[in-house]
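What follows is structure-v3.txt (compact mmCIF, C-alpha atoms and all ligand atoms).
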# COMPACT_ATOMS: atom_id res chain seq x y z
CA MET A 1 -30.33 15.80 -4.74
CA LYS A 2 -30.25 12.02 -5.15
CA VAL A 3 -26.99 10.08 -5.46
CA ASP A 4 -26.35 6.49 -6.50
CA LEU A 5 -26.39 3.70 -3.94
CA GLU A 6 -22.70 2.96 -4.53
CA ILE A 7 -21.87 6.47 -3.35
CA LEU A 8 -24.16 6.26 -0.31
CA ARG A 9 -22.48 2.98 0.68
CA LEU A 10 -19.02 4.56 0.64
CA ALA A 11 -17.52 5.08 4.09
CA PRO A 12 -14.70 7.63 4.29
CA TYR A 13 -11.19 6.07 4.26
CA GLN A 14 -9.97 5.67 7.84
CA ALA A 15 -6.43 7.04 7.90
CA GLY A 16 -4.01 6.69 10.81
CA LYS A 17 -4.71 9.22 13.58
CA PRO A 18 -2.40 12.26 13.32
CA ILE A 19 0.19 12.86 16.08
CA SER A 20 -0.87 16.48 16.71
CA GLU A 21 -4.50 15.49 17.24
CA THR A 22 -3.53 12.68 19.62
CA LYS A 23 -1.29 14.98 21.69
CA ARG A 24 -4.08 17.51 22.01
CA GLU A 25 -6.86 15.02 22.82
CA TYR A 26 -4.96 13.10 25.49
CA ASN A 27 -2.69 15.89 26.71
CA LEU A 28 0.46 13.92 25.90
CA SER A 29 3.96 15.24 25.22
CA ARG A 30 5.27 12.09 23.54
CA VAL A 31 3.25 10.39 20.83
CA VAL A 32 4.62 7.70 18.54
CA LYS A 33 2.74 7.02 15.30
CA LEU A 34 3.26 3.52 13.98
CA ALA A 35 0.00 3.50 12.07
CA SER A 36 0.59 4.36 8.41
CA ASN A 37 3.70 2.46 7.27
CA GLU A 38 5.60 5.74 6.85
CA ASN A 39 9.39 6.02 6.76
CA PRO A 40 10.49 6.67 10.38
CA LEU A 41 13.74 8.28 9.14
CA GLY A 42 11.75 11.08 7.49
CA PRO A 43 12.44 12.08 3.88
CA SER A 44 15.93 11.55 2.44
CA PRO A 45 18.21 14.52 3.31
CA LYS A 46 18.89 14.88 -0.43
CA ALA A 47 15.15 15.20 -1.09
CA MET A 48 14.84 17.88 1.61
CA GLN A 49 17.70 19.85 0.06
CA ALA A 50 16.09 19.61 -3.38
CA ILE A 51 12.86 20.96 -1.89
CA ARG A 52 14.66 23.92 -0.29
CA ASP A 53 16.40 24.66 -3.60
CA ALA A 54 13.09 24.60 -5.48
CA LEU A 55 11.19 26.97 -3.16
CA PRO A 56 11.88 30.14 -5.23
CA THR A 57 10.31 28.51 -8.31
CA LEU A 58 6.97 27.83 -6.63
CA SER A 59 5.27 30.78 -8.34
CA LEU A 60 5.55 28.84 -11.60
CA TYR A 61 3.39 25.91 -12.70
CA PRO A 62 5.16 22.57 -12.46
CA ASP A 63 6.29 20.71 -15.60
CA PRO A 64 3.14 18.80 -16.64
CA ALA A 65 5.34 16.13 -18.28
CA ALA A 66 7.64 15.84 -15.20
CA HIS A 67 10.42 15.52 -17.74
CA THR A 68 13.42 15.51 -15.40
CA LEU A 69 11.94 13.01 -12.96
CA ILE A 70 10.69 10.66 -15.67
CA SER A 71 14.11 10.74 -17.39
CA LYS A 72 15.63 9.50 -14.15
CA LEU A 73 12.95 6.86 -13.73
CA GLU A 74 13.60 5.63 -17.28
CA LYS A 75 17.21 4.90 -16.30
CA LEU A 76 16.39 3.52 -12.87
CA TRP A 77 13.67 1.14 -14.05
CA ASN A 78 14.80 0.55 -17.61
CA PHE A 79 11.47 1.42 -19.23
CA PRO A 80 10.91 4.17 -21.82
CA ARG A 81 8.84 7.21 -20.89
CA ALA A 82 6.01 5.87 -23.07
CA GLN A 83 5.52 3.26 -20.36
CA ILE A 84 5.88 5.46 -17.26
CA SER A 85 3.29 7.78 -15.81
CA LEU A 86 2.85 9.53 -12.48
CA GLY A 87 -0.04 10.10 -10.12
CA ASN A 88 -0.82 12.16 -7.03
CA GLY A 89 -0.01 9.10 -4.92
CA SER A 90 -0.73 5.61 -6.24
CA ASP A 91 -4.15 6.50 -4.87
CA GLU A 92 -4.74 8.74 -7.87
CA LEU A 93 -3.53 6.09 -10.31
CA ILE A 94 -5.92 3.53 -8.80
CA ASP A 95 -8.75 6.04 -8.95
CA GLN A 96 -8.07 7.10 -12.54
CA LEU A 97 -7.81 3.48 -13.71
CA CYS A 98 -11.27 2.91 -12.26
CA ARG A 99 -12.58 6.08 -13.85
CA ILE A 100 -11.13 5.16 -17.25
CA TYR A 101 -11.89 1.47 -17.49
CA LEU A 102 -15.08 0.99 -15.44
CA THR A 103 -18.60 1.95 -16.41
CA PRO A 104 -21.70 1.29 -14.28
CA GLY A 105 -22.43 -2.44 -14.44
CA ASP A 106 -18.75 -3.41 -14.67
CA ALA A 107 -16.82 -4.94 -11.80
CA ILE A 108 -13.38 -5.24 -10.29
CA LEU A 109 -11.95 -8.39 -8.79
CA THR A 110 -9.70 -8.35 -5.77
CA SER A 111 -9.18 -10.32 -2.57
CA VAL A 112 -10.81 -10.22 0.82
CA ALA A 113 -8.54 -8.07 3.05
CA ALA A 114 -6.97 -6.30 0.06
CA PHE A 115 -5.82 -2.69 0.36
CA GLN A 116 -9.06 -0.69 0.60
CA ALA A 117 -8.37 1.93 -2.05
CA TYR A 118 -9.37 -0.50 -4.84
CA GLU A 119 -12.85 -1.04 -3.46
CA LEU A 120 -13.42 2.64 -2.67
CA SER A 121 -12.40 3.82 -6.14
CA ALA A 122 -14.40 1.10 -7.89
CA MET A 123 -17.52 2.01 -5.92
CA ALA A 124 -17.05 5.70 -6.70
CA SER A 125 -17.06 4.63 -10.37
CA ARG A 126 -20.39 2.83 -9.74
CA ALA A 127 -18.79 -0.57 -10.31
CA GLN A 128 -19.34 -3.78 -8.37
CA VAL A 129 -16.59 -5.32 -6.24
CA CYS A 130 -15.98 -9.08 -6.46
CA LYS A 131 -13.68 -10.68 -3.89
CA THR A 132 -12.09 -14.09 -3.50
CA PRO A 133 -11.23 -15.39 -0.03
CA LEU A 134 -7.64 -15.42 1.24
CA THR A 135 -5.73 -18.72 1.36
CA LYS A 136 -5.49 -20.52 4.72
CA ASP A 137 -2.18 -18.75 5.30
CA PHE A 138 -3.76 -15.33 4.57
CA ARG A 139 -2.27 -14.78 1.11
CA PHE A 140 -4.03 -13.72 -2.09
CA ASP A 141 -5.41 -16.85 -3.72
CA LEU A 142 -4.32 -16.42 -7.34
CA PRO A 143 -5.79 -19.69 -8.66
CA ALA A 144 -9.13 -18.60 -7.16
CA HIS A 145 -8.77 -15.20 -8.86
CA ALA A 146 -8.17 -16.81 -12.25
CA GLU A 147 -11.04 -19.26 -11.78
CA PHE A 148 -13.46 -16.56 -10.62
CA PHE A 149 -12.58 -14.35 -13.55
CA LEU A 150 -12.85 -17.09 -16.18
CA LYS A 151 -16.10 -18.55 -14.79
CA ASN A 152 -17.94 -15.25 -14.41
CA PRO A 153 -17.90 -13.41 -17.75
CA ASP A 154 -21.33 -11.98 -16.88
CA LYS A 155 -19.79 -9.96 -14.03
CA LYS A 156 -17.88 -7.86 -16.59
CA ILE A 157 -14.70 -7.74 -14.53
CA LYS A 158 -12.47 -5.12 -16.17
CA LEU A 159 -9.75 -4.68 -13.54
CA ILE A 160 -8.09 -7.21 -11.24
CA PHE A 161 -6.31 -5.53 -8.32
CA LEU A 162 -3.49 -7.45 -6.63
CA ALA A 163 -1.27 -6.05 -3.89
CA ASN A 164 2.05 -7.83 -3.56
CA PRO A 165 2.95 -7.80 -0.72
CA ASN A 166 -0.50 -6.87 0.51
CA ASN A 167 -1.48 -4.30 3.12
CA PRO A 168 -2.66 -5.00 5.88
CA THR A 169 -1.61 -8.66 5.83
CA GLY A 170 2.05 -8.20 4.80
CA THR A 171 1.86 -11.51 2.90
CA PHE A 172 2.88 -12.14 -0.73
CA PHE A 173 2.31 -14.63 -3.51
CA GLY A 174 5.10 -16.68 -5.11
CA LYS A 175 6.52 -16.98 -8.59
CA LYS A 176 4.81 -20.24 -9.59
CA GLU A 177 1.29 -19.02 -8.64
CA TRP A 178 1.92 -15.71 -10.37
CA GLU A 179 3.13 -17.25 -13.61
CA ASP A 180 0.22 -19.70 -13.65
CA PHE A 181 -2.12 -16.77 -13.09
CA LEU A 182 -0.59 -14.89 -16.04
CA LYS A 183 -0.94 -17.96 -18.24
CA ALA A 184 -4.67 -17.96 -17.45
CA VAL A 185 -5.45 -14.22 -17.53
CA GLY A 186 -2.41 -12.53 -19.12
CA ASN A 187 -2.52 -10.95 -22.59
CA ARG A 188 -6.31 -10.74 -22.70
CA ASP A 189 -7.76 -7.57 -24.15
CA ASP A 190 -10.88 -7.54 -21.95
CA VAL A 191 -9.22 -7.17 -18.53
CA LEU A 192 -6.29 -5.33 -16.94
CA ILE A 193 -4.20 -6.78 -14.12
CA VAL A 194 -3.13 -4.03 -11.70
CA LEU A 195 -0.20 -5.18 -9.57
CA ASP A 196 0.38 -2.80 -6.66
CA GLU A 197 3.97 -3.08 -5.40
CA ALA A 198 3.99 -0.36 -2.73
CA TYR A 199 6.29 -2.41 -0.47
CA THR A 200 8.51 -4.08 -3.06
CA GLU A 201 11.69 -2.35 -1.84
CA PHE A 202 11.31 -4.03 1.58
CA VAL A 203 10.90 -7.58 0.26
CA GLU A 204 13.60 -10.05 1.22
CA ASN A 205 12.03 -13.38 0.19
CA LYS A 206 13.42 -14.47 -3.19
CA ASP A 207 10.13 -16.13 -4.18
CA CYS A 208 8.38 -12.74 -4.27
CA ILE A 209 8.20 -11.56 -7.90
CA SER A 210 8.81 -8.12 -9.37
CA GLY A 211 6.10 -7.08 -11.84
CA PHE A 212 8.74 -5.26 -13.93
CA ASP A 213 10.01 -8.64 -15.17
CA TYR A 214 6.64 -9.35 -16.81
CA ILE A 215 5.46 -5.99 -18.18
CA ASN A 216 6.80 -6.42 -21.69
CA GLN A 217 5.55 -9.99 -21.99
CA TYR A 218 2.01 -9.27 -20.85
CA SER A 219 0.24 -6.35 -22.51
CA ASN A 220 -2.56 -6.22 -19.92
CA LEU A 221 -0.27 -5.94 -16.89
CA ILE A 222 0.08 -2.65 -14.98
CA VAL A 223 2.52 -2.17 -12.10
CA LEU A 224 2.09 0.53 -9.46
CA ARG A 225 4.91 1.89 -7.32
CA THR A 226 4.82 4.59 -4.64
CA PHE A 227 7.14 7.21 -3.18
CA SER A 228 5.21 7.13 0.11
CA LYS A 229 6.94 4.19 1.73
CA ILE A 230 10.67 3.53 1.36
CA PHE A 231 11.30 6.94 -0.28
CA GLY A 232 9.72 8.72 2.70
CA LEU A 233 7.62 11.20 0.70
CA ALA A 234 4.06 10.29 1.75
CA GLY A 235 3.24 13.94 2.45
CA LEU A 236 4.10 15.03 -1.10
CA ARG A 237 1.83 12.45 -2.79
CA LEU A 238 3.55 10.65 -5.65
CA GLY A 239 2.98 7.28 -7.26
CA ALA A 240 4.16 5.76 -10.53
CA MET A 241 2.52 3.47 -13.07
CA ILE A 242 4.43 1.25 -15.47
CA ALA A 243 2.26 -0.13 -18.23
CA ASN A 244 2.07 -0.67 -21.96
CA PRO A 245 2.22 2.56 -24.04
CA GLU A 246 -1.49 2.45 -24.85
CA VAL A 247 -2.52 2.52 -21.16
CA THR A 248 0.03 5.27 -20.48
CA ASP A 249 -1.32 7.34 -23.36
CA ILE A 250 -4.95 6.96 -22.26
CA TYR A 251 -4.07 7.85 -18.66
CA ASN A 252 -2.20 10.96 -19.76
CA ARG A 253 -5.30 12.17 -21.58
CA VAL A 254 -7.48 11.82 -18.49
CA ARG A 255 -5.24 13.02 -15.68
CA LYS A 256 -5.07 16.67 -14.65
CA PRO A 257 -2.07 18.39 -16.28
CA PHE A 258 -0.52 19.57 -13.01
CA ASN A 259 -1.28 16.53 -10.84
CA ILE A 260 2.35 16.24 -9.71
CA ASN A 261 3.46 19.36 -7.88
CA GLU A 262 6.93 20.83 -8.33
CA LEU A 263 8.22 19.85 -4.89
CA ALA A 264 7.18 16.23 -5.40
CA GLN A 265 9.00 16.17 -8.74
CA VAL A 266 12.30 17.53 -7.42
CA ALA A 267 12.16 15.58 -4.15
CA ALA A 268 11.50 12.25 -5.88
CA ALA A 269 14.27 12.87 -8.41
CA ALA A 270 16.69 13.37 -5.50
CA ALA A 271 15.27 10.54 -3.35
CA ILE A 272 15.75 7.82 -5.96
CA GLU A 273 19.45 8.71 -6.18
CA ASP A 274 19.99 8.58 -2.41
CA LEU A 275 20.99 4.92 -2.30
CA GLU A 276 22.54 5.31 1.14
CA PHE A 277 19.20 6.45 2.57
CA ILE A 278 17.35 3.60 0.87
CA LYS A 279 19.80 1.04 2.28
CA LYS A 280 19.56 2.61 5.74
CA THR A 281 15.76 2.37 5.60
CA GLN A 282 15.94 -1.27 4.51
CA ARG A 283 18.30 -2.12 7.36
CA LEU A 284 16.23 -0.29 9.96
CA THR A 285 13.07 -1.98 8.68
CA ALA A 286 14.55 -5.49 8.71
CA GLU A 287 15.84 -4.96 12.27
CA GLY A 288 12.53 -3.51 13.45
CA LEU A 289 10.53 -6.36 11.94
CA LYS A 290 12.83 -8.93 13.52
CA TYR A 291 12.39 -7.19 16.87
CA PHE A 292 8.56 -7.18 16.52
CA HIS A 293 8.54 -10.83 15.50
CA GLN A 294 10.64 -11.73 18.57
CA GLU A 295 8.64 -9.63 21.00
CA LEU A 296 5.25 -10.81 19.71
CA THR A 297 6.43 -14.41 19.96
CA ALA A 298 7.59 -13.76 23.53
CA LEU A 299 4.15 -12.29 24.28
CA ASN A 300 2.63 -15.49 22.90
CA LEU A 301 0.78 -13.53 20.21
CA LYS A 302 0.25 -14.74 16.66
CA PHE A 303 1.23 -12.58 13.68
CA LEU A 304 1.58 -12.90 9.93
CA PRO A 305 5.24 -13.03 8.84
CA SER A 306 5.74 -9.82 6.89
CA GLN A 307 7.73 -8.79 3.81
CA THR A 308 6.86 -5.12 4.32
CA ASN A 309 7.52 -2.40 6.91
CA PHE A 310 4.62 -3.40 9.17
CA VAL A 311 3.25 -6.46 10.90
CA LEU A 312 -0.34 -7.59 11.46
CA PHE A 313 -0.73 -9.25 14.84
CA ASP A 314 -3.60 -10.79 16.77
CA THR A 315 -4.26 -9.38 20.24
CA GLU A 316 -6.86 -12.13 20.92
CA ARG A 317 -8.83 -9.34 22.55
CA ASP A 318 -11.19 -6.69 21.23
CA ALA A 319 -8.63 -4.74 19.18
CA LYS A 320 -10.58 -1.49 19.67
CA THR A 321 -9.98 -1.62 23.42
CA VAL A 322 -6.25 -2.33 23.00
CA TYR A 323 -5.99 0.38 20.34
CA GLN A 324 -7.73 2.94 22.57
CA LYS A 325 -5.65 2.14 25.66
CA MET A 326 -2.43 2.36 23.67
CA LEU A 327 -3.57 5.66 22.15
CA GLU A 328 -4.12 7.09 25.63
CA GLN A 329 -0.49 6.25 26.41
CA GLY A 330 0.87 7.82 23.25
CA VAL A 331 1.14 4.96 20.77
CA ILE A 332 -0.93 5.15 17.59
CA LEU A 333 -1.44 1.80 15.84
CA ARG A 334 -3.94 0.92 13.12
CA LEU A 335 -7.27 -0.81 13.56
CA VAL A 336 -8.12 -3.32 10.83
CA LEU A 337 -11.75 -4.11 11.66
CA ASN A 338 -12.78 -2.92 8.21
CA TYR A 339 -10.51 -5.60 6.69
CA GLY A 340 -12.22 -8.33 8.72
CA PHE A 341 -9.73 -8.60 11.59
CA PRO A 342 -11.57 -7.36 14.71
CA THR A 343 -8.96 -8.74 17.15
CA CYS A 344 -5.89 -7.60 15.21
CA LEU A 345 -3.76 -4.46 15.00
CA ARG A 346 -1.30 -3.32 12.36
CA LEU A 347 2.03 -2.06 13.69
CA SER A 348 4.50 -0.17 11.46
CA VAL A 349 8.25 -0.28 12.00
CA GLY A 350 9.54 2.91 13.61
CA LEU A 351 12.89 3.99 15.03
CA LYS A 352 14.41 1.58 17.57
CA ASP A 353 13.24 3.58 20.60
CA GLU A 354 9.77 4.01 19.09
CA ASN A 355 9.49 0.25 18.54
CA GLU A 356 10.59 -0.40 22.12
CA PHE A 357 8.14 2.17 23.48
CA ALA A 358 5.30 0.60 21.47
CA ILE A 359 6.09 -2.91 22.71
CA ALA A 360 6.41 -1.70 26.33
CA VAL A 361 3.00 -0.01 26.15
CA LEU A 362 1.50 -3.04 24.41
CA LYS A 363 2.78 -5.32 27.21
CA LYS A 364 1.31 -3.04 29.86
CA VAL A 365 -2.09 -2.82 28.15
CA LEU A 366 -2.30 -6.56 27.45
CA SER A 367 -1.48 -7.36 31.08
CA GLN A 368 -4.63 -5.43 32.07
CA TYR A 369 -6.94 -7.39 29.77
CA PRO A 370 -7.12 -11.19 29.64
CA LYS A 371 -7.35 -12.90 26.27
CA GLU A 372 -10.98 -13.18 25.17
CA PHE A 373 -10.82 -14.86 21.76
CA PRO A 374 -9.00 -17.79 20.17
CA PRO A 375 -6.19 -16.77 17.78
CA CYS A 376 -7.33 -16.09 14.21
CA PHE A 377 -3.91 -16.95 12.73
CA VAL A 378 -2.69 -20.51 13.17
C1 LIG B 401 0.63 2.72 1.25
C2 LIG B 401 0.12 1.97 0.07
C3 LIG B 401 0.07 2.58 -1.17
C4 LIG B 401 0.59 3.97 -1.37
O1 LIG B 401 -0.40 4.86 -1.61
P1 LIG B 401 -0.01 6.35 -2.01
O2 LIG B 401 -1.29 6.90 -2.52
O3 LIG B 401 1.05 6.25 -3.10
O4 LIG B 401 0.51 7.03 -0.80
C5 LIG B 401 -0.39 1.86 -2.25
N1 LIG B 401 -0.79 0.58 -2.10
C6 LIG B 401 -0.72 -0.06 -0.93
C7 LIG B 401 -1.11 -1.49 -0.83
C8 LIG B 401 -0.29 0.63 0.21
O5 LIG B 401 -0.26 0.02 1.39
Represent the structure contained in this file as structure tokens.
Ligand SMILES: *Cc1c(COP(=O)(O)O)cnc(C)c1O
Amino acid sequence: MKVDLEILRLAPYQAGKPISETKREYNLSRVVKLASNENPLGPSPKAMQAIRDALPTLSLYPDPAAHTLISKLEKLWNFPRAQISLGNGSDELIDQLCRIYLTPGDAILTSVAAFQAYELSAMASRAQVCKTPLTKDFRFDLPAHAEFFLKNPDKKIKLIFLANPNNPTGTFFGKKEWEDFLKAVGNRDDVLIVLDEAYTEFVENKDCISGFDYINQYSNLIVLRTFSKIFGLAGLRLGAMIANPEVTDIYNRVRKPFNINELAQVAAAAAIEDLEFIKKTQRLTAEGLKYFHQELTALNLKFLPSQTNFVLFDTERDAKTVYQKMLEQGVILRLVLNYGFPTCLRLSVGLKDENEFAIAVLKKVLSQYPKEFPPCFV
């Protein structure tokens, strides 16, 4: 059976290597996974209790409208339910947006080194992927996005995907660039701007915008949030989309009725109210990032200053070798070759002792291999 070229070109998403698999393969008792930007504190204790309480109801179908959870999100985010929808991870929301708004011959626009889900979902929808280069300081180039979109009507760009801050770079764009971008591309009825804010709760820089402040002014703006990062629920798969009521309505027609399982609904409802846990995660993350920034500087390695819970650093060596050697000693990091950084690794913030273990192993491995390449970050 023949399939389209776009499908044949798809390479499976390369997730972080699981701990259990690493222990088995290398016969290790201690393995630290700092590869997927997960919450090192686990899920919120309140979320875990809510899950235990919900276990006896698992023979029933979940509420397809997720009424209780969405009521809480309405209060938390100050948007009506007509503007809030949920997905099986933001992954599903990205995928459904592509399925809904792209037909073969259409395109998406995103950046070089953008989060890979956009490209994969667009290709699965038989759409083309247009990319603008990063700025010299490795940020999304919003003026270039606006220019590319406006100058290429023949490309039929229907969705513009922006991650702010972006993964794997950890960089963000500022208020002025964003507002100029909206002036150029906002409120059009031939393109949707999808702003993915998976790391927004970790941001400290005041120049980093929140998409929520612009939703009601710009009808073609969509904001994505996730419960996989600060809320510590990656394993349950839950993402949220805030958009104008028309987009919400269309999405709700297309999605599967039971896409959000019962445990995800009750856990998320509890997690958003656990402010103590959120604060604790923010503190731990800020401390961990500061530690990584210090240690990488001491190791004379370049990195991109991050507003997230991970840092992208340049080993100035073949990153695959460093990755493999660290893996053999029980530290799982993330390769970013597929994002165009063959000498770099992405390191997520873990618990204090996990961070220290990772840096100790990194030091040991780097001491065994001399630098081979000039730094790619200046
Ligand atoms: C981790 C991440 C997400 C979250 O994806 P889920 O499917 O919700 O787990 C979304 N966008 C970016 C840029 C991410 O790094």
Show me, as CSV, the residues of chain A having an atom within 8 Å of ligand LIG 401 (chain B), each with the closest atom pair and its distance in Å, using only C-alpha atoms and all ligand atoms.
residue,atom,partner,partner_atom,distance
A:Ser36,CA,B:LIG401,C1,7.3
A:Asn37,CA,B:LIG401,C1,6.8
A:Asn88,CA,B:LIG401,O2,6.9
A:Gly89,CA,B:LIG401,O2,3.5
A:Ser90,CA,B:LIG401,O3,3.7
A:Asp91,CA,B:LIG401,O2,3.7
A:Glu92,CA,B:LIG401,O2,6.6
A:Ala114,CA,B:LIG401,C7,7.6
A:Phe115,CA,B:LIG401,C7,5.0
A:Ala117,CA,B:LIG401,N1,7.7
A:Ala163,CA,B:LIG401,C7,5.5
A:Asn164,CA,B:LIG401,C7,7.6
A:Pro165,CA,B:LIG401,C7,7.5
A:Asn166,CA,B:LIG401,C7,5.6
A:Asn167,CA,B:LIG401,O5,4.8
A:Pro168,CA,B:LIG401,O5,7.1
A:Asp196,CA,B:LIG401,N1,5.8
A:Glu197,CA,B:LIG401,N1,6.9
A:Ala198,CA,B:LIG401,N1,4.9
A:Tyr199,CA,B:LIG401,O5,7.2
A:Leu224,CA,B:LIG401,C5,7.7
A:Arg225,CA,B:LIG401,O3,7.2
A:Thr226,CA,B:LIG401,O3,4.4
A:Phe227,CA,B:LIG401,O3,6.2
A:Ser228,CA,B:LIG401,O4,4.8
A:Lys229,CA,B:LIG401,C1,6.5
A:Ala234,CA,B:LIG401,O4,5.5
A:Arg237,CA,B:LIG401,O4,5.9
A:Leu238,CA,B:LIG401,O3,5.7
A:Gly239,CA,B:LIG401,O3,4.7
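Using only C-alpha atoms, the shortest contact distance between Leu58 (chain A) and any of A:Asp141, A:Asp207, A:Glu262, A:Asp249 is found at A:Glu262.
Minimum atom-to-atom distance to Glu354 (chain A), evaluated using all atoms listed in the file, belongs to A:Tyr291 out of A:Phe202, A:Tyr291, A:Tyr251, A:Phe313.
Reported to one decimal place, the separation of CA of Ile84 (chain A) from CA of Leu150 (chain A) is 29.3 Å.
You will find CA of Ser20 (chain A) at 14.7 Å from CA of Leu333 (chain A).
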Proximity of region 254-351 of chain A to region 357-368 of chain A: per-residue shortest pair, 12 Å limit, all atoms listed in the file, as a Markdown table:
| residue | atom | partner | partner_atom | distance |
| --- | --- | --- | --- | --- |
| A:Gly288 | CA | A:Ile359 | CA | 11.3 |
| A:Tyr291 | CA | A:Ile359 | CA | 9.6 |
| A:Phe292 | CA | A:Ile359 | CA | 7.9 |
| A:His293 | CA | A:Ile359 | CA | 11.0 |
| A:Gln294 | CA | A:Ile359 | CA | 10.8 |
| A:Glu295 | CA | A:Ile359 | CA | 7.4 |
| A:Leu296 | CA | A:Ile359 | CA | 8.5 |
| A:Thr297 | CA | A:Ile359 | CA | 11.8 |
| A:Ala298 | CA | A:Lys363 | CA | 10.4 |
| A:Leu299 | CA | A:Lys363 | CA | 7.7 |
| A:Asn300 | CA | A:Lys363 | CA | 11.0 |
| A:Leu301 | CA | A:Leu366 | CA | 10.5 |
| A:Phe313 | CA | A:Leu362 | CA | 11.6 |
| A:Asp314 | CA | A:Leu366 | CA | 11.6 |
| A:Thr315 | CA | A:Leu366 | CA | 8.0 |
| A:Glu316 | CA | A:Leu366 | CA | 9.7 |
| A:Arg317 | CA | A:Leu366 | CA | 8.6 |
| A:Asp318 | CA | A:Leu366 | CA | 10.9 |
| A:Ala319 | CA | A:Leu366 | CA | 10.6 |
| A:Thr321 | CA | A:Val365 | CA | 9.3 |
| A:Val322 | CA | A:Val365 | CA | 6.6 |
| A:Tyr323 | CA | A:Leu362 | CA | 9.2 |
| A:Gln324 | CA | A:Val365 | CA | 9.8 |
| A:Lys325 | CA | A:Val365 | CA | 6.6 |
| A:Met326 | CA | A:Val361 | CA | 6.4 |
| A:Leu327 | CA | A:Val361 | CA | 9.6 |
| A:Glu328 | CA | A:Val361 | CA | 10.1 |
| A:Gln329 | CA | A:Val361 | CA | 7.2 |
| A:Gly330 | CA | A:Val361 | CA | 8.6 |
| A:Val331 | CA | A:Ala358 | CA | 6.1 |
| A:Ile332 | CA | A:Ala358 | CA | 8.6 |
| A:Leu333 | CA | A:Ala358 | CA | 8.9 |
| A:Leu345 | CA | A:Leu362 | CA | 10.9 |
| A:Arg346 | CA | A:Ala358 | CA | 11.9 |
| A:Leu347 | CA | A:Ala358 | CA | 8.8 |
| A:Ser348 | CA | A:Ala358 | CA | 10.1 |
| A:Val349 | CA | A:Ala358 | CA | 10.0 |
| A:Gly350 | CA | A:Ala358 | CA | 9.2 |
| A:Leu351 | CA | A:Phe357 | CA | 9.9 |
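Across the structure, CA of Thr343 (chain A) and CA of Phe377 (chain A) are spaced 10.6 Å apart.
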Neighbouring residues of Gln128 (chain A) were defined as those with any atom within 8 Å, considering only C-alpha atoms; residues of the same chain fewer than 2 positions away were excluded. Please report them as a PyMOL selection string. chain A and resi 105-108+122-123+126+130
Pick the closest to Lys156 (chain A) from A:Tyr339, A:Tyr101, A:Phe138, A:Tyr118: which is it, counting all atoms listed in the file? A:Tyr101
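Using only C-alpha atoms, the nearest neighbour of Ser121 (chain A) within the list A:Val336, A:Ile7, A:Leu192, A:Ala54 is A:Ile7.
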Per-residue nearest contacts of region 62-181 of chain A to region 265-275 of chain A (8 Å; all atoms listed in the file) as a tab-separated table:
residue	atom	partner	partner_atom	distance
A:Ala66	CA	A:Gln265	CA	6.6
A:Thr68	CA	A:Ala269	CA	7.5
A:Leu69	CA	A:Ala269	CA	5.1
A:Lys72	CA	A:Ala269	CA	6.8
Close residues, Ser306 (chain A) itself excluded, 9 Å, only C-alpha atoms, min 3 positions apart in chain, as an NGL selection string: :A and (165 or 169-172 or 203 or 289 or 303 or 309-312)
Which one of A:Phe258, A:Phe341, A:Tyr369, A:Phe277 sits closest to Leu86 (chain A) if you count all atoms listed in the file? A:Phe258
